[in-house]
file model-v4.txt (compact mmCIF, C-alpha atoms and all ligand atoms)
# COMPACT_ATOMS: atom_id res chain seq x y z
CA MET A 10 0.00 0.00 0.00
CA LEU A 11 1.46 3.36 -1.04
CA GLN A 12 1.59 6.09 1.60
CA PRO A 13 -1.06 8.73 0.77
CA ILE A 14 0.16 12.27 0.09
CA TYR A 15 -2.11 15.30 0.46
CA MET A 16 -1.26 18.10 -1.98
CA ASP A 17 -4.67 19.70 -2.47
CA SER A 18 -4.50 22.56 0.04
CA HIS A 19 -6.71 24.91 -1.99
CA ALA A 20 -9.63 22.50 -1.58
CA THR A 21 -9.19 22.28 2.17
CA THR A 22 -6.50 21.87 4.82
CA PRO A 23 -6.27 19.50 7.77
CA ILE A 24 -6.91 20.89 11.26
CA ASP A 25 -3.65 21.81 12.96
CA PRO A 26 -3.42 19.70 16.16
CA ARG A 27 -2.90 22.92 18.16
CA VAL A 28 -6.22 24.21 16.79
CA LEU A 29 -7.99 20.99 17.77
CA GLU A 30 -6.55 21.23 21.26
CA ALA A 31 -7.94 24.77 21.63
CA MET A 32 -11.37 23.58 20.42
CA MET A 33 -11.73 20.47 22.58
CA PRO A 34 -13.03 22.13 25.79
CA TYR A 35 -15.76 23.82 23.74
CA LEU A 36 -16.82 20.53 22.20
CA THR A 37 -17.07 18.97 25.67
CA ASN A 38 -17.38 20.75 29.06
CA HIS A 39 -17.80 24.32 27.84
CA PHE A 40 -20.77 23.70 25.60
CA GLY A 41 -22.76 26.78 26.62
CA ASN A 42 -24.60 29.12 24.30
CA ALA A 43 -22.66 32.38 23.96
CA ALA A 44 -25.97 34.26 24.17
CA SER A 45 -26.91 32.75 27.57
CA SER A 46 -25.73 35.63 29.70
CA THR A 47 -27.27 34.51 33.02
CA HIS A 48 -25.01 31.57 33.84
CA LEU A 49 -21.39 30.49 33.79
CA PHE A 50 -21.76 28.12 30.86
CA GLY A 51 -22.87 31.00 28.68
CA GLU A 52 -20.19 33.29 30.07
CA HIS A 53 -17.41 30.79 29.28
CA ALA A 54 -18.65 30.52 25.72
CA LYS A 55 -18.98 34.28 25.27
CA ASP A 56 -15.49 34.91 26.67
CA ALA A 57 -14.05 32.34 24.26
CA VAL A 58 -15.86 33.95 21.31
CA ASP A 59 -14.57 37.39 22.32
CA ILE A 60 -10.97 36.13 22.44
CA ALA A 61 -11.33 34.40 19.07
CA ARG A 62 -12.88 37.48 17.48
CA GLY A 63 -9.78 39.39 18.58
CA GLN A 64 -7.48 36.75 17.08
CA VAL A 65 -9.34 36.79 13.76
CA ALA A 66 -9.38 40.61 13.64
CA ALA A 67 -5.65 40.79 14.47
CA LEU A 68 -4.72 38.65 11.47
CA ILE A 69 -6.32 41.07 9.00
CA GLY A 70 -5.72 44.36 10.84
CA CYS A 71 -9.30 45.33 11.69
CA SER A 72 -11.19 45.85 14.94
CA GLU A 73 -13.22 43.14 16.66
CA GLU A 74 -16.60 44.76 15.91
CA GLU A 75 -15.79 44.54 12.21
CA ILE A 76 -15.88 40.72 12.20
CA ILE A 77 -19.14 38.86 11.49
CA PHE A 78 -18.93 35.10 11.95
CA THR A 79 -20.61 33.03 9.23
CA SER A 80 -20.67 29.37 8.22
CA GLY A 81 -17.83 29.86 5.70
CA ALA A 82 -16.75 31.89 2.71
CA THR A 83 -19.75 30.85 0.60
CA GLU A 84 -22.05 32.50 3.11
CA SER A 85 -19.72 35.49 3.54
CA ASP A 86 -19.67 36.08 -0.23
CA ASN A 87 -23.46 35.79 -0.45
CA LEU A 88 -23.91 38.14 2.50
CA ALA A 89 -21.51 40.72 1.08
CA VAL A 90 -22.81 40.75 -2.48
CA LYS A 91 -26.55 40.41 -1.81
CA GLY A 92 -26.43 42.26 1.51
CA ILE A 93 -24.86 45.35 -0.11
CA ALA A 94 -26.98 45.16 -3.26
CA TYR A 95 -30.26 45.01 -1.30
CA ARG A 96 -29.25 47.59 1.32
CA TYR A 97 -28.02 50.20 -1.17
CA ARG A 98 -30.50 49.52 -3.95
CA ASP A 99 -31.74 53.12 -3.85
CA ARG A 100 -28.21 54.30 -4.82
CA GLY A 101 -27.89 52.15 -7.92
CA ASN A 102 -28.21 48.67 -9.39
CA HIS A 103 -24.82 48.05 -10.99
CA ILE A 104 -22.16 45.62 -9.73
CA ILE A 105 -18.67 45.04 -11.11
CA THR A 106 -16.99 41.66 -10.69
CA SER A 107 -14.80 39.32 -12.76
CA THR A 108 -15.29 36.17 -14.80
CA VAL A 109 -12.95 34.16 -12.56
CA GLU A 110 -14.70 34.60 -9.21
CA HIS A 111 -15.68 31.64 -7.08
CA HIS A 112 -19.25 30.51 -7.79
CA ALA A 113 -20.33 31.94 -4.43
CA VAL A 114 -19.83 35.40 -5.96
CA LEU A 115 -20.71 34.55 -9.58
CA ASP A 116 -23.98 32.84 -8.70
CA SER A 117 -24.92 35.54 -6.18
CA CYS A 118 -24.48 38.07 -8.98
CA GLU A 119 -26.57 35.96 -11.34
CA ALA A 120 -29.31 35.76 -8.73
CA LEU A 121 -29.22 39.55 -8.44
CA GLU A 122 -29.49 39.91 -12.22
CA GLU A 123 -32.76 38.00 -11.98
CA SER A 124 -34.07 40.68 -9.64
CA GLY A 125 -33.10 43.62 -11.80
CA PHE A 126 -29.41 44.28 -11.13
CA ASP A 127 -26.86 44.83 -13.89
CA VAL A 128 -23.56 43.04 -13.50
CA THR A 129 -20.32 43.65 -15.42
CA TYR A 130 -18.10 40.56 -15.49
CA LEU A 131 -14.61 41.82 -16.26
CA PRO A 132 -12.40 39.60 -18.41
CA VAL A 133 -8.93 38.62 -17.20
CA ASP A 134 -5.54 38.57 -18.90
CA ARG A 135 -3.67 35.36 -19.73
CA TYR A 136 -2.45 35.15 -16.12
CA GLY A 137 -5.97 35.38 -14.70
CA MET A 138 -5.49 38.96 -13.53
CA VAL A 139 -7.87 41.93 -13.64
CA HIS A 140 -6.25 45.33 -14.19
CA PRO A 141 -7.31 48.40 -12.17
CA GLN A 142 -7.95 50.43 -15.33
CA GLN A 143 -10.56 47.87 -16.46
CA VAL A 144 -12.37 48.38 -13.17
CA GLU A 145 -12.27 52.16 -13.48
CA ASP A 146 -13.54 52.00 -17.07
CA ALA A 147 -16.51 49.85 -16.02
CA ILE A 148 -17.77 52.24 -13.32
CA THR A 149 -21.09 54.00 -13.98
CA ASP A 150 -23.13 56.36 -11.83
CA LYS A 151 -25.24 53.33 -10.86
CA THR A 152 -22.33 51.23 -9.53
CA VAL A 153 -22.82 50.26 -5.87
CA LEU A 154 -20.32 47.44 -5.45
CA ILE A 155 -17.03 46.14 -6.85
CA SER A 156 -16.34 42.51 -5.88
CA LEU A 157 -12.99 41.13 -6.95
CA ILE A 158 -11.25 37.93 -5.89
CA TYR A 159 -7.96 38.45 -4.03
CA VAL A 160 -6.15 35.19 -4.84
CA ASN A 161 -7.43 32.84 -7.51
CA GLY A 162 -8.07 29.38 -6.08
CA GLU A 163 -7.15 27.55 -9.25
CA VAL A 164 -4.08 29.27 -10.65
CA GLY A 165 -2.94 31.20 -7.55
CA THR A 166 -2.78 34.60 -9.27
CA ILE A 167 -2.88 37.54 -6.85
CA ASN A 168 -4.95 40.49 -8.10
CA PRO A 169 -3.78 44.13 -7.64
CA ILE A 170 -6.34 44.59 -4.87
CA ALA A 171 -4.97 47.74 -3.21
CA GLU A 172 -5.05 49.62 -6.53
CA VAL A 173 -8.62 48.51 -7.16
CA GLY A 174 -9.50 49.58 -3.60
CA GLU A 175 -8.07 53.00 -4.30
CA ILE A 176 -10.30 53.36 -7.36
CA ALA A 177 -13.34 52.25 -5.38
CA GLU A 178 -12.51 54.84 -2.72
CA LYS A 179 -12.06 57.59 -5.35
CA TYR A 180 -15.58 56.97 -6.69
CA SER A 181 -17.13 56.21 -3.24
CA ILE A 182 -18.10 52.69 -4.31
CA LEU A 183 -18.04 49.81 -1.83
CA PHE A 184 -15.31 47.24 -2.39
CA HIS A 185 -15.59 43.56 -1.43
CA SER A 186 -12.96 40.92 -1.94
CA ASP A 187 -13.22 37.15 -1.66
CA ALA A 188 -9.90 36.57 0.11
CA THR A 189 -10.50 32.93 0.97
CA GLN A 190 -7.33 31.59 -0.64
CA GLY A 191 -5.04 34.38 0.53
CA ILE A 192 -5.73 34.87 4.23
CA GLY A 193 -3.25 33.07 6.43
CA LYS A 194 -0.94 32.53 3.44
CA VAL A 195 0.06 36.05 2.42
CA GLU A 196 0.28 39.13 4.69
CA SER A 197 -3.05 40.91 4.33
CA ASP A 198 -4.17 44.06 6.09
CA VAL A 199 -7.65 45.25 5.12
CA ASN A 200 -6.65 48.91 5.50
CA GLU A 201 -3.58 48.59 3.29
CA LEU A 202 -5.62 46.60 0.78
CA LYS A 203 -8.36 49.26 0.98
CA MET A 204 -11.17 46.76 1.32
CA ASP A 205 -14.59 47.58 2.74
CA LEU A 206 -15.71 43.96 3.01
CA MET A 207 -13.70 40.74 2.89
CA SER A 208 -14.70 37.06 2.96
CA PHE A 209 -12.54 34.28 4.38
CA THR A 210 -12.88 30.83 5.91
CA ALA A 211 -11.15 28.70 8.55
CA HIS A 212 -10.82 25.42 6.67
CA LYS A 213 -8.33 26.80 4.13
CA MET A 214 -5.98 27.82 6.94
CA TYR A 215 -5.77 24.72 9.14
CA GLY A 216 -8.96 25.49 11.07
CA PRO A 217 -12.27 23.60 11.14
CA LYS A 218 -14.88 23.47 8.40
CA GLY A 219 -18.20 25.28 8.70
CA ILE A 220 -16.88 28.54 10.12
CA GLY A 221 -15.87 31.69 8.29
CA ALA A 222 -16.07 35.44 8.58
CA LEU A 223 -17.01 38.57 6.75
CA TYR A 224 -15.04 41.70 7.57
CA VAL A 225 -17.31 44.75 7.29
CA ARG A 226 -15.79 48.22 7.73
CA LYS A 227 -17.37 50.09 10.63
CA LYS A 228 -16.18 53.64 10.13
CA ASP A 229 -16.13 56.58 7.70
CA PRO A 230 -19.07 55.81 7.32
CA PRO A 231 -20.10 52.40 8.76
CA ILE A 232 -21.33 49.94 6.14
CA GLN A 233 -24.79 48.46 6.45
CA LEU A 234 -25.89 45.09 5.13
CA TYR A 235 -29.27 43.58 4.46
CA PRO A 236 -29.19 40.26 6.40
CA LEU A 237 -29.60 36.92 4.65
CA LEU A 238 -30.66 35.17 7.86
CA HIS A 239 -33.28 36.62 10.16
CA GLY A 240 -33.84 35.32 13.67
CA GLY A 241 -32.26 35.83 17.07
CA GLY A 242 -30.31 38.92 16.03
CA GLN A 243 -26.80 37.56 16.72
CA GLU A 244 -23.76 39.25 15.16
CA ASN A 245 -25.26 42.71 15.40
CA ASN A 246 -28.50 41.67 13.74
CA ILE A 247 -26.60 40.87 10.53
CA ARG A 248 -26.28 37.11 10.93
CA SER A 249 -28.79 35.38 13.15
CA GLY A 250 -28.17 31.89 14.49
CA THR A 251 -26.56 30.41 17.61
CA LEU A 252 -22.82 30.94 17.39
CA ASN A 253 -20.68 27.94 16.50
CA VAL A 254 -18.47 28.34 19.57
CA PRO A 255 -16.00 25.44 18.99
CA GLY A 256 -15.66 26.48 15.34
CA ILE A 257 -15.07 30.11 16.27
CA VAL A 258 -12.48 29.13 18.90
CA GLY A 259 -10.72 26.95 16.30
CA PHE A 260 -10.85 29.74 13.72
CA GLY A 261 -9.30 32.15 16.24
CA ALA A 262 -6.51 29.71 17.09
CA ALA A 263 -5.84 29.05 13.40
CA CYS A 264 -5.58 32.80 12.74
CA GLU A 265 -3.17 33.31 15.62
CA LEU A 266 -0.95 30.48 14.36
CA CYS A 267 -0.95 31.89 10.82
CA LYS A 268 -0.11 35.35 12.08
CA GLY A 269 2.93 34.01 13.92
CA GLU A 270 4.12 31.49 11.35
CA MET A 271 2.96 32.78 7.96
CA ALA A 272 6.17 34.51 6.86
CA LYS A 273 8.40 31.51 7.62
CA GLU A 274 5.87 29.05 6.25
CA ALA A 275 5.51 30.98 2.98
CA LYS A 276 9.28 30.80 2.46
CA ARG A 277 9.41 27.07 3.08
CA ILE A 278 6.42 26.36 0.84
CA THR A 279 7.78 28.60 -1.94
CA ALA A 280 10.99 26.54 -1.88
CA LEU A 281 9.01 23.30 -2.10
CA ARG A 282 7.07 24.68 -5.06
CA ALA A 283 10.31 25.65 -6.80
CA GLN A 284 11.60 22.12 -6.25
CA LEU A 285 8.36 20.64 -7.63
CA TYR A 286 8.33 22.86 -10.73
CA HIS A 287 12.03 22.44 -11.40
CA GLU A 288 12.03 18.66 -11.05
CA LEU A 289 8.87 18.18 -13.11
CA SER A 290 10.31 20.40 -15.85
CA LYS A 291 13.50 18.34 -15.91
CA ARG A 292 11.58 15.10 -16.25
CA ILE A 293 8.70 16.09 -18.56
CA ASP A 294 8.66 18.15 -21.79
CA PHE A 295 5.74 20.21 -23.15
CA ILE A 296 4.73 21.66 -19.78
CA HIS A 297 2.82 24.95 -19.53
CA LEU A 298 2.60 27.06 -16.36
CA ASN A 299 -0.90 28.45 -15.77
CA GLY A 300 -1.22 31.63 -13.72
CA HIS A 301 1.13 34.46 -12.94
CA PRO A 302 4.84 33.54 -12.66
CA ILE A 303 5.47 35.98 -9.80
CA GLN A 304 2.22 37.44 -8.40
CA ARG A 305 1.23 34.05 -7.11
CA LEU A 306 0.22 32.25 -3.93
CA PRO A 307 3.25 30.44 -2.43
CA GLY A 308 1.60 27.00 -2.34
CA ASN A 309 0.07 27.07 -5.81
CA LEU A 310 1.48 25.41 -8.91
CA ASN A 311 -0.85 24.86 -11.86
CA LEU A 312 0.63 23.04 -14.83
CA SER A 313 -0.76 21.77 -18.11
CA PHE A 314 0.77 18.63 -19.54
CA GLU A 315 0.30 18.66 -23.30
CA PHE A 316 -0.99 15.49 -25.05
CA VAL A 317 -2.52 14.00 -21.89
CA GLU A 318 -5.69 14.61 -19.93
CA SER A 319 -5.29 15.43 -16.28
CA GLN A 320 -8.21 13.17 -15.35
CA SER A 321 -6.25 10.24 -16.84
CA ILE A 322 -3.09 11.23 -14.97
CA LEU A 323 -4.94 11.52 -11.66
CA SER A 324 -6.96 8.34 -12.06
CA GLY A 325 -3.68 6.43 -11.94
CA LEU A 326 -2.53 8.27 -8.82
CA LYS A 327 -5.26 7.61 -6.29
CA GLU A 328 -2.85 7.80 -3.35
CA ILE A 329 -1.86 11.38 -4.22
CA ALA A 330 -4.42 14.13 -3.59
CA LEU A 331 -4.18 16.67 -6.42
CA SER A 332 -6.83 18.50 -8.38
CA SER A 333 -7.51 18.59 -12.11
CA GLY A 334 -8.54 21.82 -13.76
CA SER A 335 -11.53 20.18 -15.37
CA ALA A 336 -14.95 19.24 -14.08
CA CYS A 337 -16.67 15.97 -14.88
CA ASN A 338 -20.30 16.20 -15.92
CA SER A 339 -22.49 13.20 -16.58
CA ASP A 340 -21.38 12.77 -20.17
CA SER A 341 -18.40 15.02 -20.74
CA VAL A 342 -15.30 16.57 -19.22
CA GLU A 343 -15.42 20.37 -19.22
CA PRO A 344 -12.26 22.47 -19.09
CA SER A 345 -12.09 24.82 -16.10
CA TYR A 346 -13.93 28.12 -16.55
CA VAL A 347 -10.96 29.94 -15.02
CA LEU A 348 -8.47 28.54 -17.55
CA ARG A 349 -10.93 29.24 -20.37
CA ALA A 350 -11.35 32.83 -19.21
CA MET A 351 -7.54 33.15 -19.31
CA GLY A 352 -7.57 32.06 -22.94
CA VAL A 353 -5.88 28.70 -22.31
CA LYS A 354 -6.73 26.40 -25.21
CA ASP A 355 -9.05 23.52 -24.35
CA GLU A 356 -6.45 20.85 -25.10
CA LEU A 357 -4.10 22.44 -22.55
CA ALA A 358 -6.87 23.22 -20.04
CA LEU A 359 -7.87 19.55 -20.08
CA GLY A 360 -4.30 18.63 -19.21
CA ALA A 361 -4.09 20.95 -16.19
CA ILE A 362 -3.22 19.81 -12.69
CA ARG A 363 -3.34 22.02 -9.61
CA PHE A 364 -0.73 21.24 -6.96
CA GLY A 365 -1.68 22.76 -3.59
CA LEU A 366 1.28 22.67 -1.21
CA GLY A 367 0.67 23.27 2.45
CA ARG A 368 1.93 23.23 6.04
CA TYR A 369 2.60 19.50 6.26
CA ASN A 370 4.19 18.78 2.88
CA THR A 371 7.84 17.75 2.84
CA ALA A 372 10.65 17.70 0.28
CA ALA A 373 10.48 13.89 0.26
CA GLU A 374 6.78 14.06 -0.67
CA VAL A 375 7.60 16.45 -3.51
CA ASP A 376 10.13 13.92 -4.83
CA THR A 377 7.55 11.14 -4.71
CA VAL A 378 4.94 13.26 -6.50
CA VAL A 379 7.44 14.17 -9.24
CA GLU A 380 8.35 10.53 -9.71
CA ARG A 381 4.74 9.36 -9.87
CA ILE A 382 3.55 12.15 -12.19
CA ALA A 383 6.53 11.74 -14.53
CA SER A 384 5.99 8.01 -14.95
CA GLN A 385 2.23 8.42 -15.38
CA VAL A 386 2.65 11.16 -18.03
CA ALA A 387 5.29 9.10 -19.87
CA ARG A 388 3.02 6.03 -19.86
CA LEU A 389 0.06 8.00 -21.24
CA ARG A 390 2.15 9.79 -23.86
CA GLU A 391 3.35 6.45 -25.18
CA LEU A 392 -0.23 6.02 -26.39
CA SER A 393 -0.41 9.49 -27.97
CA PRO A 394 0.20 9.75 -31.74
CA LEU A 395 0.36 13.54 -31.35
CA TYR A 396 3.19 13.26 -28.87
CA GLU A 397 5.05 11.10 -31.36
CA ILE A 398 4.59 13.76 -34.04
CA ALA A 399 5.72 16.38 -31.55
CA GLN A 400 9.12 14.72 -31.43
CA THR A 401 9.63 15.83 -35.04
CA GLU A 402 10.85 19.33 -35.78
CA ASN A 403 7.73 20.67 -37.49
CA TYR A 404 5.31 20.26 -34.62
CA VAL A 405 3.53 23.45 -33.53
CA THR A 406 2.84 23.26 -29.81
CA ALA A 407 -0.47 24.38 -28.28
CA ILE A 408 1.61 26.25 -25.70
CA PRO A 409 1.31 29.95 -26.56
CA GLU A 410 4.28 31.71 -28.21
CA ASN A 411 4.85 34.00 -25.29
CA GLY A 412 3.59 31.47 -22.75
CA GLU A 413 5.53 30.46 -19.69
CA LYS A 414 7.57 27.45 -20.62
CA ALA A 415 9.16 25.28 -18.04
C1 LIG B 501 -12.08 31.63 -3.51
C2 LIG B 501 -13.07 30.85 -2.70
N1 LIG B 501 -14.19 31.44 -2.28
C3 LIG B 501 -15.11 30.77 -1.56
C4 LIG B 501 -14.94 29.44 -1.23
C5 LIG B 501 -15.99 28.74 -0.42
O1 LIG B 501 -15.55 28.58 0.91
P1 LIG B 501 -16.36 27.70 1.97
O2 LIG B 501 -16.02 26.28 1.67
O3 LIG B 501 -15.86 28.14 3.31
O4 LIG B 501 -17.81 27.99 1.82
C6 LIG B 501 -13.78 28.78 -1.66
C7 LIG B 501 -13.59 27.34 -1.38
O5 LIG B 501 -13.29 26.57 -2.25
C8 LIG B 501 -12.82 29.51 -2.41
O6 LIG B 501 -11.70 28.93 -2.85
call {"tool": "encode", "arguments": {"input": "model-v4.txt", "output": "structure tokens"}}
result
Amino acid sequence: MLQPIYMDSHATTPIDPRVLEAMMPYLTNHFGNAASSTHLFGEHAKDAVDIARGQVAALIGCSEEEIIFTSGATESDNLAVKGIAYRYRDRGNHIITSTVEHHAVLDSCEALEESGFDVTYLPVDRYGMVHPQQVEDAITDKTVLISLIYVNGEVGTINPIAEVGEIAEKYSILFHSDATQGIGKVESDVNELKMDLMSFTAHKMYGPKGIGALYVRKKDPPIQLYPLLHGGGQENNIRSGTLNVPGIVGFGAACELCKGEMAKEAKRITALRAQLYHELSKRIDFIHLNGHPIQRLPGNLNLSFEFVESQSILSGLKEIALSSGSACNSDSVEPSYVLRAMGVKDELALGAIRFGLGRYNTAAEVDTVVERIASQVARLRELSPLYEIAQTENYVTAIPENGEKA
């Protein structure tokens, strides 16, 4: 039996044992409801939530009252996009976003279109990046919200968020960013990044699943949101529902660990990624790097292997957790919408693999992954007539002229 290797950190991350340790009392003895203010059980829970709120706020440079706990980034994105659109409807009905957002933003925007909003979906360049000028050009006197992803979850590209925030500020338009893949991995201060609202989630940063947050700026002037969930009035009447105390405690602990360890961890993971890219490039020809070569999340490597389909590569590597860029429907394999939006040709998009390096990956694991991928690609290419032709001089590769070659 081969030892399993987890290299899919953009999908989710394991809980850090230190996070679990912090959560355990709140899963057992301290089970109180943080809203039960008349007894000690409730007080214990409330105190723990207050501490965690401080830890979460400290990681992103905001104040505690600016954090709203949610069930994860999907809910945070929905709350930000719909909550702003509904609250400020009298100001305008236009929203600017991009074609490479997570579906939590894209589908929220589509839902708003059904109720009369206009949405501009900005295209991206070949690295998956939106440029500030595009945002400025799309603004109209009806624009109420700009929502732009911070770090792309597929290709790792980091958008020029601070510049976009500056434009939003200049035109007094609210600015939300889905920062799910960046928080805890790259230094992020909401004031420096000029964000008004920001979504993030614990399970991408070694915390538990089912808990996330929305940062909502409270000053100059405070931002209001129309709630998605009505009920007991928790979280300042913006997000009703009994607080998930163990989840919140775990989220807080995960944030504190990231704050302390992020810089060192990013260096180590960047070195592992360099090793992975370098070794794969030595062993395999016709490789294409997807995403930005520099403005990129440390743990992300997204490569297309020409002449083979990533689903075929991965189906022979069950013990290694990686992600293909394509999605399987009932009767077909669809290339990723992100790679398509970047202009990556279908034959390359179908050969894309996303490597997501994280806290627990080692250099030895990278070596194993290189070995296994290289032999799998070689085996599949033996069956490819196109690859055979490619060995001759006249072959024109699908890899773009000015594309990043390994
Ligand atoms: C960019 C981005 N936004 C939102 C989400 C959804 O997060 P959650 O699983 O916490 O709802 C994800 C998770 O894949 C993501 O990568």
call {"tool": "atom_distance", "arguments": {"input": "model-v4.txt", "atom1": "atom O3 of ligand LIG 501 (chain B)", "atom2": "CA of Cys71 (chain A)"}}
result
20.2 Å
call {"tool": "residues_near_ligand", "arguments": {"input": "model-v4.txt", "ligand": "ligand LIG 501 (chain B)", "cutoff": "6 Å", "atoms": "all atoms listed in the file", "output": "PyMOL selection string"}}
result
chain A and resi 20+81-83+111+162+187+189-190+210
call {"tool": "atom_distance", "arguments": {"input": "model-v4.txt", "atom1": "CA of Asp146 (chain A)", "atom2": "CA of Tyr159 (chain A)"}}
result
19.6 Å
call {"tool": "closest_residue", "arguments": {"input": "model-v4.txt", "among": "A:Ser393, A:Gln243, A:Asn161, A:Ser321", "to": "Leu348 (chain A)", "atoms": "all atoms listed in the file"}}
result
A:Asn161
call {"tool": "closest_residue", "arguments": {"input": "model-v4.txt", "among": "A:Arg226, A:His112, A:Lys218, A:Lys151", "to": "Tyr346 (chain A)", "atoms": "all atoms listed in the file"}}
result
A:His112
call {"tool": "closest_atom_pairs", "arguments": {"input": "model-v4.txt", "of": "region 181-213 of chain A", "to": "region 230-235 of chain A", "cutoff": "9 Å", "atoms": "all atoms listed in the file", "output": "tab-separated table"}}
result
residue	atom	partner	partner_atom	distance
A:Leu183	CA	A:Ile232	CA	8.6
A:Asp205	CA	A:Ile232	CA	7.9
A:Leu206	CA	A:Ile232	CA	8.8
call {"tool": "closest_residue", "arguments": {"input": "model-v4.txt", "among": "A:Glu75, A:Lys227, A:Ile14, A:Glu52", "to": "Ala373 (chain A)", "atoms": "only C-alpha atoms"}}
result
A:Ile14
call {"tool": "residues_around", "arguments": {"input": "model-v4.txt", "residues": "region 314-317 of chain A", "least_positions_apart": "2", "cutoff": "6 Å", "atoms": "only C-alpha atoms", "output": "list in words"}}
result
Phe295, Ile296, Leu357 and Gly360 of chain A
call {"tool": "write_last_selection", "arguments": {"input": "model-v4.txt", "atoms": "C-alpha atoms", "output": "tab-separated table (two decimals), in the frame of the given file"}}
result
chain	number	residue	atom	x	y	z
A	295	PHE	CA	5.74	20.21	-23.15
A	296	ILE	CA	4.73	21.66	-19.78
A	357	LEU	CA	-4.10	22.44	-22.55
A	360	GLY	CA	-4.30	18.63	-19.21
call {"tool": "closest_residue", "arguments": {"input": "model-v4.txt", "among": "A:Thr106, A:Ser345, A:Gln142, A:Gln304", "to": "Leu154 (chain A)", "atoms": "only C-alpha atoms"}}
result
A:Thr106
call {"tool": "residues_around", "arguments": {"input": "model-v4.txt", "residues": "Ser107 (chain A)", "least_positions_apart": "4", "cutoff": "10 Å", "atoms": "all atoms listed in the file", "output": "PyMOL selection string"}}
result
chain A and resi 111+114-115+128-133+137-139+144+155-158+350
call {"tool": "residues_around", "arguments": {"input": "model-v4.txt", "residues": "Asp376 (chain A)", "least_positions_apart": "2", "cutoff": "12 Å", "atoms": "all atoms listed in the file", "output": "PyMOL selection string"}}
result
chain A and resi 14+281-289+292+370-374+378-383
call {"tool": "write_last_selection", "arguments": {"input": "model-v4.txt", "atoms": "C-alpha atoms", "output": "PDB file, in the coordinates of the input"}}
result
ATOM      1  CA  ILE A  14       0.160  12.270   0.090  1.00  0.00           C
ATOM      2  CA  LEU A 281       9.010  23.300  -2.100  1.00  0.00           C
ATOM      3  CA  ARG A 282       7.070  24.680  -5.060  1.00  0.00           C
ATOM      4  CA  ALA A 283      10.310  25.650  -6.800  1.00  0.00           C
ATOM      5  CA  GLN A 284      11.600  22.120  -6.250  1.00  0.00           C
ATOM      6  CA  LEU A 285       8.360  20.640  -7.630  1.00  0.00           C
ATOM      7  CA  TYR A 286       8.330  22.860 -10.730  1.00  0.00           C
ATOM      8  CA  HIS A 287      12.030  22.440 -11.400  1.00  0.00           C
ATOM      9  CA  GLU A 288      12.030  18.660 -11.050  1.00  0.00           C
ATOM     10  CA  LEU A 289       8.870  18.180 -13.110  1.00  0.00           C
ATOM     11  CA  ARG A 292      11.580  15.100 -16.250  1.00  0.00           C
ATOM     12  CA  ASN A 370       4.190  18.780   2.880  1.00  0.00           C
ATOM     13  CA  THR A 371       7.840  17.750   2.840  1.00  0.00           C
ATOM     14  CA  ALA A 372      10.650  17.700   0.280  1.00  0.00           C
ATOM     15  CA  ALA A 373      10.480  13.890   0.260  1.00  0.00           C
ATOM     16  CA  GLU A 374       6.780  14.060  -0.670  1.00  0.00           C
ATOM     17  CA  VAL A 378       4.940  13.260  -6.500  1.00  0.00           C
ATOM     18  CA  VAL A 379       7.440  14.170  -9.240  1.00  0.00           C
ATOM     19  CA  GLU A 380       8.350  10.530  -9.710  1.00  0.00           C
ATOM     20  CA  ARG A 381       4.740   9.360  -9.870  1.00  0.00           C
ATOM     21  CA  ILE A 382       3.550  12.150 -12.190  1.00  0.00           C
ATOM     22  CA  ALA A 383       6.530  11.740 -14.530  1.00  0.00           C
TER      23      ALA A 383
END
call {"tool": "closest_residue", "arguments": {"input": "model-v4.txt", "among": "A:Ile303, A:Ile247, A:Ala387, A:Ile257", "to": "Leu29 (chain A)", "atoms": "all atoms listed in the file"}}
result
A:Ile257
call {"tool": "closest_residue", "arguments": {"input": "model-v4.txt", "among": "A:Leu331, A:Ala262, A:Ala272, A:Leu88", "to": "Met16 (chain A)", "atoms": "all atoms listed in the file"}}
result
A:Leu331
call {"tool": "atom_distance", "arguments": {"input": "model-v4.txt", "atom1": "CA of Leu310 (chain A)", "atom2": "CA of Arg277 (chain A)"}}
result
14.5 Å
call {"tool": "axis_aligned_box", "arguments": {"input": "model-v4.txt", "around": "region 343-352 of chain A", "padding_each_side": "3 Å", "output": "AutoDock Vina command-line options"}}
result
--center_x -11.5 --center_y 26.8 --center_z -19.0 --size_x 13.9 --size_y 18.8 --size_z 13.9
